[in-house]
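Colleague: Got my_file-v1.pdb for you, PDB, C-alpha atoms and all ligand atoms:
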```pdb
ATOM      1  CA  MET H 319      36.578  70.933  51.951
ATOM      2  CA  LEU H 320      33.481  69.224  50.518
ATOM      3  CA  ASN H 321      35.284  68.647  47.226
ATOM      4  CA  ALA H 322      38.189  66.953  49.027
ATOM      5  CA  LEU H 323      35.742  64.656  50.838
ATOM      6  CA  PHE H 324      34.067  63.659  47.521
ATOM      7  CA  ASP H 325      37.537  63.046  46.048
ATOM      8  CA  SER H 326      38.587  60.644  48.844
ATOM      9  CA  ALA H 327      35.214  58.822  48.718
ATOM     10  CA  GLU H 328      35.692  58.338  44.972
ATOM     11  CA  ARG H 329      39.257  57.116  45.465
ATOM     12  CA  LEU H 330      38.077  54.666  48.142
ATOM     13  CA  GLN H 331      35.409  53.322  45.789
ATOM     14  CA  THR H 332      38.018  52.843  43.035
ATOM     15  CA  ILE H 333      40.395  51.024  45.408
ATOM     16  CA  THR H 334      37.577  48.763  46.709
ATOM     17  CA  ALA H 335      36.435  48.019  43.156
ATOM     18  CA  LYS H 336      40.019  47.160  42.153
ATOM     19  CA  LYS H 337      40.335  44.847  45.177
ATOM     20  CA  ILE H 338      37.088  43.047  44.294
ATOM     21  CA  TRP H 339      38.236  42.603  40.684
ATOM     22  CA  PHE H 340      41.579  41.262  41.908
ATOM     23  CA  ILE H 341      39.829  38.650  44.092
ATOM     24  CA  ILE H 342      37.519  37.632  41.204
ATOM     25  CA  LEU H 343      40.475  37.340  38.784
ATOM     26  CA  LYS H 344      42.508  35.321  41.315
ATOM     27  CA  THR H 345      39.567  32.904  41.654
ATOM     28  CA  ILE H 346      39.121  32.476  37.911
ATOM     29  CA  TYR H 347      42.853  32.457  37.047
ATOM     30  CA  PRO H 348      44.854  31.085  39.970
ATOM     31  CA  SER H 349      48.642  31.608  39.992
ATOM     32  CA  HIS H 350      50.865  29.559  37.644
ATOM     33  CA  ARG H 351      52.131  27.319  40.433
ATOM     34  CA  GLN H 352      48.634  26.390  41.621
ATOM     35  CA  ASP H 353      47.590  25.840  38.010
ATOM     36  CA  ASP H 354      50.443  23.354  37.535
ATOM     37  CA  MET H 355      49.493  21.468  40.689
ATOM     38  CA  THR H 356      45.795  21.182  40.054
ATOM     39  CA  SER H 357      45.684  20.289  36.376
ATOM     40  CA  HIS H 358      47.810  18.502  33.746
ATOM     41  CA  LYS H 359      48.312  19.616  30.176
ATOM     42  CA  SER H 360      49.680  16.288  28.908
ATOM     43  CA  PHE H 361      51.209  12.988  30.053
ATOM     44  CA  ILE H 362      54.742  11.850  29.136
ATOM     45  CA  THR H 363      53.699   8.182  28.975
ATOM     46  CA  VAL H 364      51.331   8.881  26.049
ATOM     47  CA  THR H 365      53.336  11.606  24.295
ATOM     48  CA  SER H 366      57.141  11.266  24.254
ATOM     49  CA  GLY H 367      57.398   8.085  26.369
ATOM     50  CA  LEU H 368      59.780   7.382  29.272
ATOM     51  CA  ASN H 369      63.440   8.164  28.701
ATOM     52  CA  ARG H 370      64.862   4.802  29.713
ATOM     53  CA  GLN H 371      68.424   5.892  28.902
ATOM     54  CA  SER H 372      68.287   8.704  31.469
ATOM     55  CA  PRO H 373      70.278   8.294  34.724
ATOM     56  CA  PRO H 374      67.156   8.262  36.953
ATOM     57  CA  MET H 375      65.566   5.444  34.887
ATOM     58  CA  LYS H 376      68.824   3.445  35.053
ATOM     59  CA  LEU H 377      68.777   3.955  38.845
ATOM     60  CA  PHE H 378      65.095   2.995  38.993
ATOM     61  CA  GLU H 379      65.875  -0.287  37.181
ATOM     62  CA  LYS H 380      68.660  -1.037  39.669
ATOM     63  CA  ALA H 381      66.468  -0.107  42.638
ATOM     64  CA  LYS H 382      63.699  -2.495  41.514
ATOM     65  CA  LYS H 383      66.278  -5.278  41.395
ATOM     66  CA  PHE H 384      68.534  -4.615  44.390
ATOM     67  CA  GLY H 385      66.486  -2.364  46.657
ATOM     68  CA  ILE H 386      63.757  -4.829  47.566
ATOM     69  CA  TRP H 387      65.503  -6.630  50.436
ATOM     70  CA  ASN H 388      63.524  -6.906  53.649
ATOM     71  CA  PRO H 389      65.204  -5.794  56.923
ATOM     72  CA  SER H 390      62.881  -8.166  58.809
ATOM     73  CA  ASP H 391      64.379 -11.167  56.938
ATOM     74  CA  ILE H 392      67.916 -10.601  58.199
ATOM     75  CA  ASP H 393      68.903 -13.139  60.816
ATOM     76  CA  LEU H 394      70.290 -11.387  63.899
ATOM     77  CA  THR H 395      70.642 -14.487  66.117
ATOM     78  CA  GLU H 396      74.457 -14.539  66.070
ATOM     79  CA  ASP H 397      74.547 -10.769  66.502
ATOM     80  CA  CYS H 398      72.701 -11.135  69.811
ATOM     81  CA  VAL H 399      75.302 -13.624  71.028
ATOM     82  CA  ASP H 400      78.187 -11.367  69.901
ATOM     83  CA  TRP H 401      76.634  -8.368  71.691
ATOM     84  CA  GLN H 402      76.835 -10.272  74.989
ATOM     85  CA  SER H 403      80.573 -10.838  74.439
ATOM     86  CA  PHE H 404      81.342  -7.104  74.060
ATOM     87  CA  SER H 405      83.067  -5.159  76.863
ATOM     88  CA  GLU H 406      81.221  -2.159  78.355
ATOM     89  CA  GLU H 407      83.291   0.269  76.251
ATOM     90  CA  GLU H 408      82.662  -1.761  73.098
ATOM     91  CA  LYS H 409      78.955  -1.795  73.865
ATOM     92  CA  ASP H 410      79.066   1.961  74.336
ATOM     93  CA  LEU H 411      80.751   2.596  70.984
ATOM     94  CA  PHE H 412      78.423   0.188  69.185
ATOM     95  CA  LEU H 413      75.377   1.879  70.725
ATOM     96  CA  ARG H 414      76.777   5.300  69.853
ATOM     97  CA  LEU H 415      77.310   4.419  66.212
ATOM     98  CA  THR H 416      73.887   2.772  65.944
ATOM     99  CA  ALA H 417      72.236   5.801  67.605
ATOM    100  CA  LEU H 418      73.897   8.080  65.027
ATOM    101  CA  PHE H 419      72.720   5.863  62.190
ATOM    102  CA  ALA H 420      69.169   5.263  63.445
ATOM    103  CA  ALA H 421      68.481   8.990  63.879
ATOM    104  CA  GLY H 422      70.343   9.795  60.667
ATOM    105  CA  GLU H 423      68.126   7.403  58.674
ATOM    106  CA  GLU H 424      65.050   8.774  60.445
ATOM    107  CA  ALA H 425      66.098  12.324  59.519
ATOM    108  CA  VAL H 426      66.621  11.521  55.835
ATOM    109  CA  THR H 427      63.268   9.693  55.760
ATOM    110  CA  LEU H 428      61.505  12.701  57.280
ATOM    111  CA  ASP H 429      63.285  15.325  55.205
ATOM    112  CA  LEU H 430      63.288  13.943  51.648
ATOM    113  CA  LEU H 431      59.675  14.730  50.732
ATOM    114  CA  PRO H 432      60.112  18.457  49.880
ATOM    115  CA  LEU H 433      62.696  17.533  47.231
ATOM    116  CA  ILE H 434      60.420  14.874  45.724
ATOM    117  CA  GLN H 435      57.619  17.436  45.659
ATOM    118  CA  VAL H 436      59.783  19.933  43.745
ATOM    119  CA  ILE H 437      60.866  17.301  41.196
ATOM    120  CA  ALA H 438      57.207  16.265  40.695
ATOM    121  CA  GLU H 439      56.117  19.881  40.270
ATOM    122  CA  GLU H 440      58.790  20.357  37.622
ATOM    123  CA  GLY H 441      57.264  17.418  35.740
ATOM    124  CA  ARG H 442      60.435  15.305  35.860
ATOM    125  CA  LEU H 443      58.627  11.966  35.844
ATOM    126  CA  GLU H 444      61.680   9.696  35.470
ATOM    127  CA  GLU H 445      63.378  11.386  38.433
ATOM    128  CA  GLU H 446      60.248  11.161  40.553
ATOM    129  CA  MET H 447      59.834   7.466  39.709
ATOM    130  CA  TYR H 448      63.351   6.819  40.951
ATOM    131  CA  LEU H 449      62.771   8.963  44.056
ATOM    132  CA  THR H 450      59.845   6.759  45.128
ATOM    133  CA  THR H 451      62.375   3.948  45.673
ATOM    134  CA  PHE H 452      64.745   6.363  47.397
ATOM    135  CA  LEU H 453      62.239   7.211  50.134
ATOM    136  CA  PHE H 454      61.139   3.560  50.496
ATOM    137  CA  GLU H 455      64.774   2.577  51.020
ATOM    138  CA  GLU H 456      65.406   5.261  53.644
ATOM    139  CA  ALA H 457      62.363   3.991  55.529
ATOM    140  CA  LYS H 458      63.790   0.446  55.395
ATOM    141  CA  HIS H 459      67.125   1.665  56.718
ATOM    142  CA  THR H 460      65.339   3.348  59.626
ATOM    143  CA  ASP H 461      63.486   0.065  60.234
ATOM    144  CA  PHE H 462      66.759  -1.913  60.137
ATOM    145  CA  PHE H 463      68.726   0.154  62.674
ATOM    146  CA  ARG H 464      65.791   0.270  65.093
ATOM    147  CA  ARG H 465      65.556  -3.518  64.803
ATOM    148  CA  VAL H 466      69.232  -3.779  65.797
ATOM    149  CA  LEU H 467      68.620  -1.583  68.870
ATOM    150  CA  ASP H 468      65.511  -3.563  69.848
ATOM    151  CA  GLU H 469      66.692  -7.095  69.222
ATOM    152  CA  VAL H 470      70.498  -7.070  69.461
ATOM    153  CA  CYS H 471      71.155  -4.371  72.075
ATOM    154  CA  GLN H 472      67.675  -4.732  73.629
ATOM    155  CA  HIS H 473      67.824  -1.043  74.378
ATOM    156  CA  ASN H 474      64.653   0.951  74.772
ATOM    157  CA  GLY H 475      66.070   3.976  76.617
ATOM    158  CA  ASP H 476      66.850   7.443  75.233
ATOM    159  CA  LEU H 477      70.040   7.471  73.165
ATOM    160  CA  SER H 478      69.922  11.155  72.153
ATOM    161  CA  GLY H 479      72.836  11.820  74.517
ATOM    162  CA  TYR H 480      75.108  10.327  71.836
ATOM    163  CA  HIS H 481      74.139  13.155  69.498
ATOM    164  CA  THR H 482      77.021  15.574  69.986
ATOM    165  CA  PRO H 483      76.864  19.324  69.064
ATOM    166  CA  SER H 484      78.191  18.897  65.499
ATOM    167  CA  TYR H 485      75.837  15.968  64.860
ATOM    168  CA  GLN H 486      72.977  18.160  66.054
ATOM    169  CA  THR H 487      74.123  21.024  63.803
ATOM    170  CA  ILE H 488      73.841  18.772  60.757
ATOM    171  CA  PHE H 489      70.917  16.450  61.542
ATOM    172  CA  TYR H 490      68.738  18.512  63.872
ATOM    173  CA  GLN H 491      69.224  21.867  62.142
ATOM    174  CA  HIS H 492      70.956  22.146  58.787
ATOM    175  CA  LEU H 493      69.419  19.117  57.014
ATOM    176  CA  PRO H 494      65.743  19.834  57.834
ATOM    177  CA  LYS H 495      66.225  23.556  57.184
ATOM    178  CA  ALA H 496      67.838  23.015  53.773
ATOM    179  CA  LEU H 497      65.179  20.530  52.647
ATOM    180  CA  HIS H 498      62.058  22.153  54.059
ATOM    181  CA  LEU H 499      63.043  25.560  52.662
ATOM    182  CA  LEU H 500      62.153  24.070  49.259
ATOM    183  CA  LYS H 501      58.483  24.232  50.284
ATOM    184  CA  GLN H 502      58.699  28.034  50.310
ATOM    185  CA  ASP H 503      61.230  28.572  47.556
ATOM    186  CA  SER H 504      62.327  25.842  45.175
ATOM    187  CA  ALA H 505      64.827  28.057  43.281
ATOM    188  CA  PRO H 506      67.782  26.109  41.795
ATOM    189  CA  ILE H 507      70.154  27.527  44.429
ATOM    190  CA  ASN H 508      67.985  26.048  47.188
ATOM    191  CA  GLN H 509      67.855  22.707  45.380
ATOM    192  CA  ILE H 510      71.656  22.786  45.206
ATOM    193  CA  ARG H 511      71.957  23.534  48.938
ATOM    194  CA  ALA H 512      69.491  20.754  49.790
ATOM    195  CA  SER H 513      71.241  18.148  47.663
ATOM    196  CA  VAL H 514      74.735  19.122  48.821
ATOM    197  CA  THR H 515      73.638  18.684  52.442
ATOM    198  CA  TYR H 516      71.620  15.514  51.912
ATOM    199  CA  ASN H 517      73.461  13.614  49.185
ATOM    200  CA  MET H 518      77.035  14.851  49.358
ATOM    201  CA  VAL H 519      77.613  15.431  53.081
ATOM    202  CA  VAL H 520      75.086  13.295  55.004
ATOM    203  CA  GLU H 521      75.106  10.317  52.625
ATOM    204  CA  GLY H 522      78.349  10.752  50.702
ATOM    205  CA  MET H 523      80.580  11.634  53.607
ATOM    206  CA  LEU H 524      79.059  10.746  56.996
ATOM    207  CA  ALA H 525      77.103   7.572  56.199
ATOM    208  CA  GLU H 526      79.984   6.161  54.131
ATOM    209  CA  THR H 527      82.416   6.808  56.998
ATOM    210  CA  GLY H 528      79.974   5.197  59.434
ATOM    211  CA  TYR H 529      79.802   1.988  57.342
ATOM    212  CA  HIS H 530      83.561   1.961  57.256
ATOM    213  CA  ALA H 531      83.572   2.147  61.079
ATOM    214  CA  PHE H 532      81.132  -0.783  61.423
ATOM    215  CA  PHE H 533      83.162  -2.947  59.035
ATOM    216  CA  THR H 534      86.477  -2.056  60.686
ATOM    217  CA  MET H 535      85.031  -2.917  64.113
ATOM    218  CA  LEU H 536      83.390  -6.173  63.166
ATOM    219  CA  GLU H 537      84.734  -7.739  59.972
ATOM    220  CA  LYS H 538      88.182  -8.905  61.085
ATOM    221  CA  GLN H 539      86.783 -10.992  63.959
ATOM    222  CA  ASN H 540      83.713 -12.019  61.993
ATOM    223  CA  LEU H 541      81.371 -10.386  64.520
ATOM    224  CA  MET H 542      77.695  -9.490  63.976
ATOM    225  CA  PRO H 543      77.127 -11.167  60.582
ATOM    226  CA  GLY H 544      73.495 -10.030  60.399
ATOM    227  CA  LEU H 545      74.343  -6.390  60.908
ATOM    228  CA  ARG H 546      77.132  -6.564  58.346
ATOM    229  CA  LYS H 547      74.782  -8.203  55.830
ATOM    230  CA  GLY H 548      72.213  -5.423  56.380
ATOM    231  CA  ILE H 549      74.860  -2.744  56.002
ATOM    232  CA  ARG H 550      76.162  -4.271  52.767
ATOM    233  CA  LEU H 551      72.632  -4.123  51.320
ATOM    234  CA  LEU H 552      72.061  -0.658  52.691
ATOM    235  CA  LYS H 553      75.360   0.557  51.214
ATOM    236  CA  GLN H 554      74.179  -0.543  47.741
ATOM    237  CA  ASP H 555      71.006   1.521  48.194
ATOM    238  CA  GLU H 556      73.027   4.499  49.382
ATOM    239  CA  SER H 557      75.322   4.279  46.387
ATOM    240  CA  ARG H 558      72.259   4.813  44.146
ATOM    241  CA  HIS H 559      71.136   7.728  46.335
ATOM    242  CA  ILE H 560      74.538   9.398  46.019
ATOM    243  CA  ALA H 561      74.561   8.746  42.244
ATOM    244  CA  TYR H 562      71.188  10.503  42.004
ATOM    245  CA  GLY H 563      72.572  13.431  44.036
ATOM    246  CA  ILE H 564      75.562  13.719  41.707
ATOM    247  CA  PHE H 565      73.192  13.659  38.721
ATOM    248  CA  LEU H 566      70.880  16.269  40.252
ATOM    249  CA  LEU H 567      73.691  18.636  41.182
ATOM    250  CA  SER H 568      75.446  18.161  37.829
ATOM    251  CA  ARG H 569      72.194  18.846  35.992
ATOM    252  CA  LEU H 570      71.591  21.991  38.071
ATOM    253  CA  VAL H 571      75.142  23.215  37.476
ATOM    254  CA  ALA H 572      74.851  22.500  33.724
ATOM    255  CA  GLU H 573      71.595  24.467  33.631
ATOM    256  CA  HIS H 574      72.848  27.266  35.916
ATOM    257  CA  PRO H 575      76.657  27.520  35.637
ATOM    258  CA  ASP H 576      76.636  30.751  37.642
ATOM    259  CA  LEU H 577      75.616  28.783  40.761
ATOM    260  CA  TRP H 578      78.880  26.837  40.976
ATOM    261  CA  ASP H 579      80.422  29.203  43.541
ATOM    262  CA  GLU H 580      77.432  28.752  45.880
ATOM    263  CA  LEU H 581      77.699  24.976  45.525
ATOM    264  CA  GLU H 582      81.375  25.075  46.446
ATOM    265  CA  GLN H 583      80.670  27.383  49.381
ATOM    266  CA  GLU H 584      77.960  25.051  50.688
ATOM    267  CA  MET H 585      80.226  21.996  50.441
ATOM    268  CA  ASN H 586      83.073  23.789  52.243
ATOM    269  CA  GLY H 587      80.744  25.220  54.893
ATOM    270  CA  LEU H 588      79.579  21.749  55.916
ATOM    271  CA  LEU H 589      83.018  20.170  55.886
ATOM    272  CA  TYR H 590      83.969  21.372  59.372
ATOM    273  CA  PRO H 591      80.858  20.147  61.293
ATOM    274  CA  ALA H 592      80.957  16.863  59.345
ATOM    275  CA  VAL H 593      84.556  16.133  60.324
ATOM    276  CA  ALA H 594      83.822  17.309  63.884
ATOM    277  CA  VAL H 595      81.132  14.592  64.204
ATOM    278  CA  ILE H 596      83.954  12.028  63.998
ATOM    279  CA  GLY H 597      86.227  13.905  66.405
ATOM    280  CA  GLU H 598      83.446  14.303  68.980
ATOM    281  CA  ALA H 599      82.641  10.567  68.871
ATOM    282  CA  PHE H 600      86.285   9.615  69.477
ATOM    283  CA  SER H 601      86.712  12.187  72.258
ATOM    284  CA  ALA H 602      84.390  10.079  74.447
ATOM    285  CA  TYR H 603      87.047   7.353  74.829
ATOM    286  CA  GLU H 604      90.507   7.458  76.332
ATOM    287  CA  VAL H 605      91.435   4.399  74.299
ATOM    288  CA  PRO H 606      88.994   3.851  71.425
ATOM    289  CA  PRO H 607      87.407   0.370  71.587
ATOM    290  CA  PHE H 608      87.949  -2.235  68.829
ATOM    291  CA  GLY H 609      91.395  -0.692  68.183
ATOM    292  CA  LEU H 610      89.894   2.118  66.086
ATOM    293  CA  VAL H 611      92.181   4.991  65.124
ATOM    294  CA  GLU H 612      90.592   8.464  64.820
ATOM    295  CA  GLU H 613      92.947   9.660  62.103
ATOM    296  CA  ASP H 614      91.973   6.772  59.789
ATOM    297  CA  PHE H 615      88.339   7.901  59.899
ATOM    298  CA  ILE H 616      89.085  11.595  59.426
ATOM    299  CA  ASN H 617      91.181  10.668  56.380
ATOM    300  CA  TYR H 618      88.461   8.348  55.100
ATOM    301  CA  ALA H 619      85.816  11.077  55.448
ATOM    302  CA  MET H 620      88.056  13.626  53.695
ATOM    303  CA  ASP H 621      88.662  11.154  50.846
ATOM    304  CA  GLN H 622      84.887  10.719  50.440
ATOM    305  CA  PHE H 623      84.410  14.482  50.407
ATOM    306  CA  GLN H 624      87.118  14.959  47.792
ATOM    307  CA  LYS H 625      85.799  12.099  45.641
ATOM    308  CA  ARG H 626      82.305  13.663  45.508
ATOM    309  CA  PHE H 627      83.708  17.126  44.944
ATOM    310  CA  ALA H 628      85.836  15.882  42.033
ATOM    311  CA  ARG H 629      82.736  14.265  40.463
ATOM    312  CA  LEU H 630      80.858  17.570  40.662
ATOM    313  CA  GLU H 631      83.813  19.523  39.324
ATOM    314  CA  LYS H 632      83.713  17.379  36.181
ATOM    315  CA  ALA H 633      80.189  18.645  35.551
ATOM    316  CA  ARG H 634      81.376  22.242  35.698
ATOM    317  CA  GLY H 635      81.252  23.648  32.189
ATOM    318  CA  ALA H 636      79.771  20.413  30.816
ATOM    319  CA  GLY H 637      76.555  20.333  28.814
ATOM    320  CA  LEU H 638      73.519  18.327  29.877
ATOM    321  CA  GLU H 639      74.281  15.535  27.386
ATOM    322  CA  GLN H 640      77.768  15.100  28.805
ATOM    323  CA  VAL H 641      76.363  15.076  32.359
ATOM    324  CA  ILE H 642      73.970  12.280  31.389
ATOM    325  CA  GLN H 643      76.733  10.205  29.813
ATOM    326  CA  THR H 644      79.104  10.641  32.760
ATOM    327  CA  THR H 645      76.408   9.791  35.328
ATOM    328  CA  ASN H 646      75.343   6.701  33.363
ATOM    329  CA  ARG H 647      78.944   5.491  33.369
ATOM    330  CA  VAL H 648      79.114   5.988  37.162
ATOM    331  CA  ILE H 649      75.832   4.064  37.591
ATOM    332  CA  GLU H 650      76.987   1.181  35.355
ATOM    333  CA  GLU H 651      80.273   0.874  37.242
ATOM    334  CA  ASP H 652      78.539   1.204  40.650
ATOM    335  CA  ASP H 653      81.012   3.914  41.535
ATOM    336  CA  ALA H 654      79.189   6.935  42.912
TER     337      ALA H 654
HETATM  338 FE    FE H 701      69.717   5.467  54.229
HETATM  339 FE    FE H 702      70.209   7.471  51.478
END
```
For this file, produce the structure as structure tokens.
Ligand SMILES: [Fe+2]
Ligand SMILES: [Fe+2]

Modeller:
Amino acid sequence: MLNALFDSAERLQTITAKKIWFIILKTIYPSHRQDDMTSHKSFITVTSGLNRQSPPMKLFEKAKKFGIWNPSDIDLTEDCVDWQSFSEEEKDLFLRLTALFAAGEEAVTLDLLPLIQVIAEEGRLEEEMYLTTFLFEEAKHTDFFRRVLDEVCQHNGDLSGYHTPSYQTIFYQHLPKALHLLKQDSAPINQIRASVTYNMVVEGMLAETGYHAFFTMLEKQNLMPGLRKGIRLLKQDESRHIAYGIFLLSRLVAEHPDLWDELEQEMNGLLYPAVAVIGEAFSAYEVPPFGLVEEDFINYAMDQFQKRFARLEKARGAGLEQVIQTTNRVIEEDDA
């Protein structure tokens, strides 16, 4: 009995000693991830130099040139006059579309940071440099759509009622979840899921279809010239964002070919709620205002989805060098 007691006391001492050593070692040698974040071993700018031929540097150059427009400089005087001429149904559809865009831009502004953090932690300087313009531009887009609500529609009430169930699935739940998961686990599969949601579905499919709706509603009758000017500029920014997404996903697939099936699954899984966003918007009107036809927009969204999917499929089985060349061609031709 006494022997057993001595044995357990000894064991307890050993365990406590081990624990103390573990704490001391953790303090002296923190984990690899913390080490990477709190110290640098070298700097690219004074060793290899910036890779100016890489897709992110090409995008950075374009962003410095075309992404510096100021939403506050866009003249909305005529837009205010046009707003007054709209029927109640037209006003409702315009408000609906703007409420989808304003919150959508707010969501992408709020949710991009975890991806930038991962790219920075991986030491991909050129990509991070480009991503600084990406976030700046999303903030400007948020600024622009809120300006339209304030100055053109003069609306300061709650517009969340326009956010239908499928819109909420994507923007309130799936997008933040996919992006903020990167803070806990930045594994390539999670980067793929985040970029598919953000770049391919939210930007590549939904935002593109939304611009198409604004132009279809307003261009023919030359309505709201300020808004159309802002959207043209915004569309240029978004084309760079989508090009970066295609580059990121292609790079990840080239590095991890076994993850292709997950990428495809993620794309297909989001297709239904994305298309349903369009259907739910149209279901609010017996006769859609501005002569819009639901089928045209479903087809347009599907075309965007297929275009992006085809781009990614090209990267399947390709090496990194080929991915870089293909993405640079897309960037040069402005055809993300
Ligand atoms: Fe945006
Ligand atoms: Fe964007």

Colleague: Extract, using all atoms listed in the file, all DNA, RNA and protein residues at most 9 Å from Phe489 (chain H), discarding same-chain residues fewer than 6 positions from it, and format them as a list in words.

Modeller: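 My reading of the contact set: Ala421, Gly422, Ala425, Val426 and Val520 of chain H.
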
Colleague: Once you count all atoms listed in the file, which residues end up within 6 Å of ligand FE 702 (chain H), and could you hand them over as a count of residues only?

Modeller: 4

Colleague: So how far away is CA of Leu418 (chain H) from CA of Gln509 (chain H), in Å?

Modeller: 25.2 Å

Colleague: Of the candidates H:Trp401, H:Tyr516, H:Phe384, H:Phe565, which shows the shortest atom-to-atom distance to Lys495 (chain H), using all atoms listed in the file?

Modeller: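 Under the stated criterion, the closest residue is H:Tyr516.
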
Colleague: Would you compute the distance between CA of Asp503 (chain H) and CA of Ala654 (chain H)? Give it in Å to one decimal.

Modeller: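 Result for CA of Asp503 (chain H) versus CA of Ala654 (chain H): 28.5 Å, one decimal.
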
Colleague: Which residues sit within 10 Å of ligand FE 701 (chain H), counting all atoms listed in the file, listed as a PyMOL selection string?

Modeller: chain H and resi 419-420+422-427+452-460+462+520-521+525+549+552-557+559

Colleague: Report, in Å with one decimal, the straight-line distance from CA of His473 (chain H) to CA of Arg546 (chain H).

Modeller: 19.3 Å

Colleague: Could you list, as an MDAnalysis selection string, every residue matched by the PyMOL selection byres (((chain H and resi 633) around 10) and not hetatm) in this structure?

Modeller: chainID H and resid 564:565 567:572 575 578 628:632 634:638 640:642 644:645

Colleague: His530 (chain H): which residues within 12 Å, counting all atoms listed in the file, same-chain residues fewer than 2 positions away excluded, as a PDB file with C-alpha atoms, in the frame of the given file?

Modeller:
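For reference, around-v8.pdb as written:
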```pdb
ATOM      1  CA  LEU H 415      77.310   4.419  66.212  1.00  0.00           C
ATOM      2  CA  MET H 523      80.580  11.634  53.607  1.00  0.00           C
ATOM      3  CA  LEU H 524      79.059  10.746  56.996  1.00  0.00           C
ATOM      4  CA  ALA H 525      77.103   7.572  56.199  1.00  0.00           C
ATOM      5  CA  GLU H 526      79.984   6.161  54.131  1.00  0.00           C
ATOM      6  CA  THR H 527      82.416   6.808  56.998  1.00  0.00           C
ATOM      7  CA  GLY H 528      79.974   5.197  59.434  1.00  0.00           C
ATOM      8  CA  PHE H 532      81.132  -0.783  61.423  1.00  0.00           C
ATOM      9  CA  PHE H 533      83.162  -2.947  59.035  1.00  0.00           C
ATOM     10  CA  THR H 534      86.477  -2.056  60.686  1.00  0.00           C
ATOM     11  CA  MET H 535      85.031  -2.917  64.113  1.00  0.00           C
ATOM     12  CA  LEU H 536      83.390  -6.173  63.166  1.00  0.00           C
ATOM     13  CA  GLU H 537      84.734  -7.739  59.972  1.00  0.00           C
ATOM     14  CA  ARG H 546      77.132  -6.564  58.346  1.00  0.00           C
ATOM     15  CA  ILE H 549      74.860  -2.744  56.002  1.00  0.00           C
ATOM     16  CA  ARG H 550      76.162  -4.271  52.767  1.00  0.00           C
ATOM     17  CA  LYS H 553      75.360   0.557  51.214  1.00  0.00           C
ATOM     18  CA  LEU H 610      89.894   2.118  66.086  1.00  0.00           C
ATOM     19  CA  ASP H 614      91.973   6.772  59.789  1.00  0.00           C
ATOM     20  CA  PHE H 615      88.339   7.901  59.899  1.00  0.00           C
ATOM     21  CA  ILE H 616      89.085  11.595  59.426  1.00  0.00           C
ATOM     22  CA  ASN H 617      91.181  10.668  56.380  1.00  0.00           C
ATOM     23  CA  TYR H 618      88.461   8.348  55.100  1.00  0.00           C
ATOM     24  CA  ALA H 619      85.816  11.077  55.448  1.00  0.00           C
ATOM     25  CA  GLN H 622      84.887  10.719  50.440  1.00  0.00           C
TER      26      GLN H 622
END
```

Colleague: Can you list what the PyMOL selection byres (((chain H and resi 397) around 10) and not hetatm) grabs from this structure, as a ChimeraX atom specification?

Modeller: /H:393-396,398-403,466,469-471,541-546

Colleague: Would you mind telling me which residue in H:Arg558, H:Met518, H:Ala417, H:Arg465 lies nearest to Thr451 (chain H) when using only C-alpha atoms?

Modeller: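 Closest candidate: H:Arg558.
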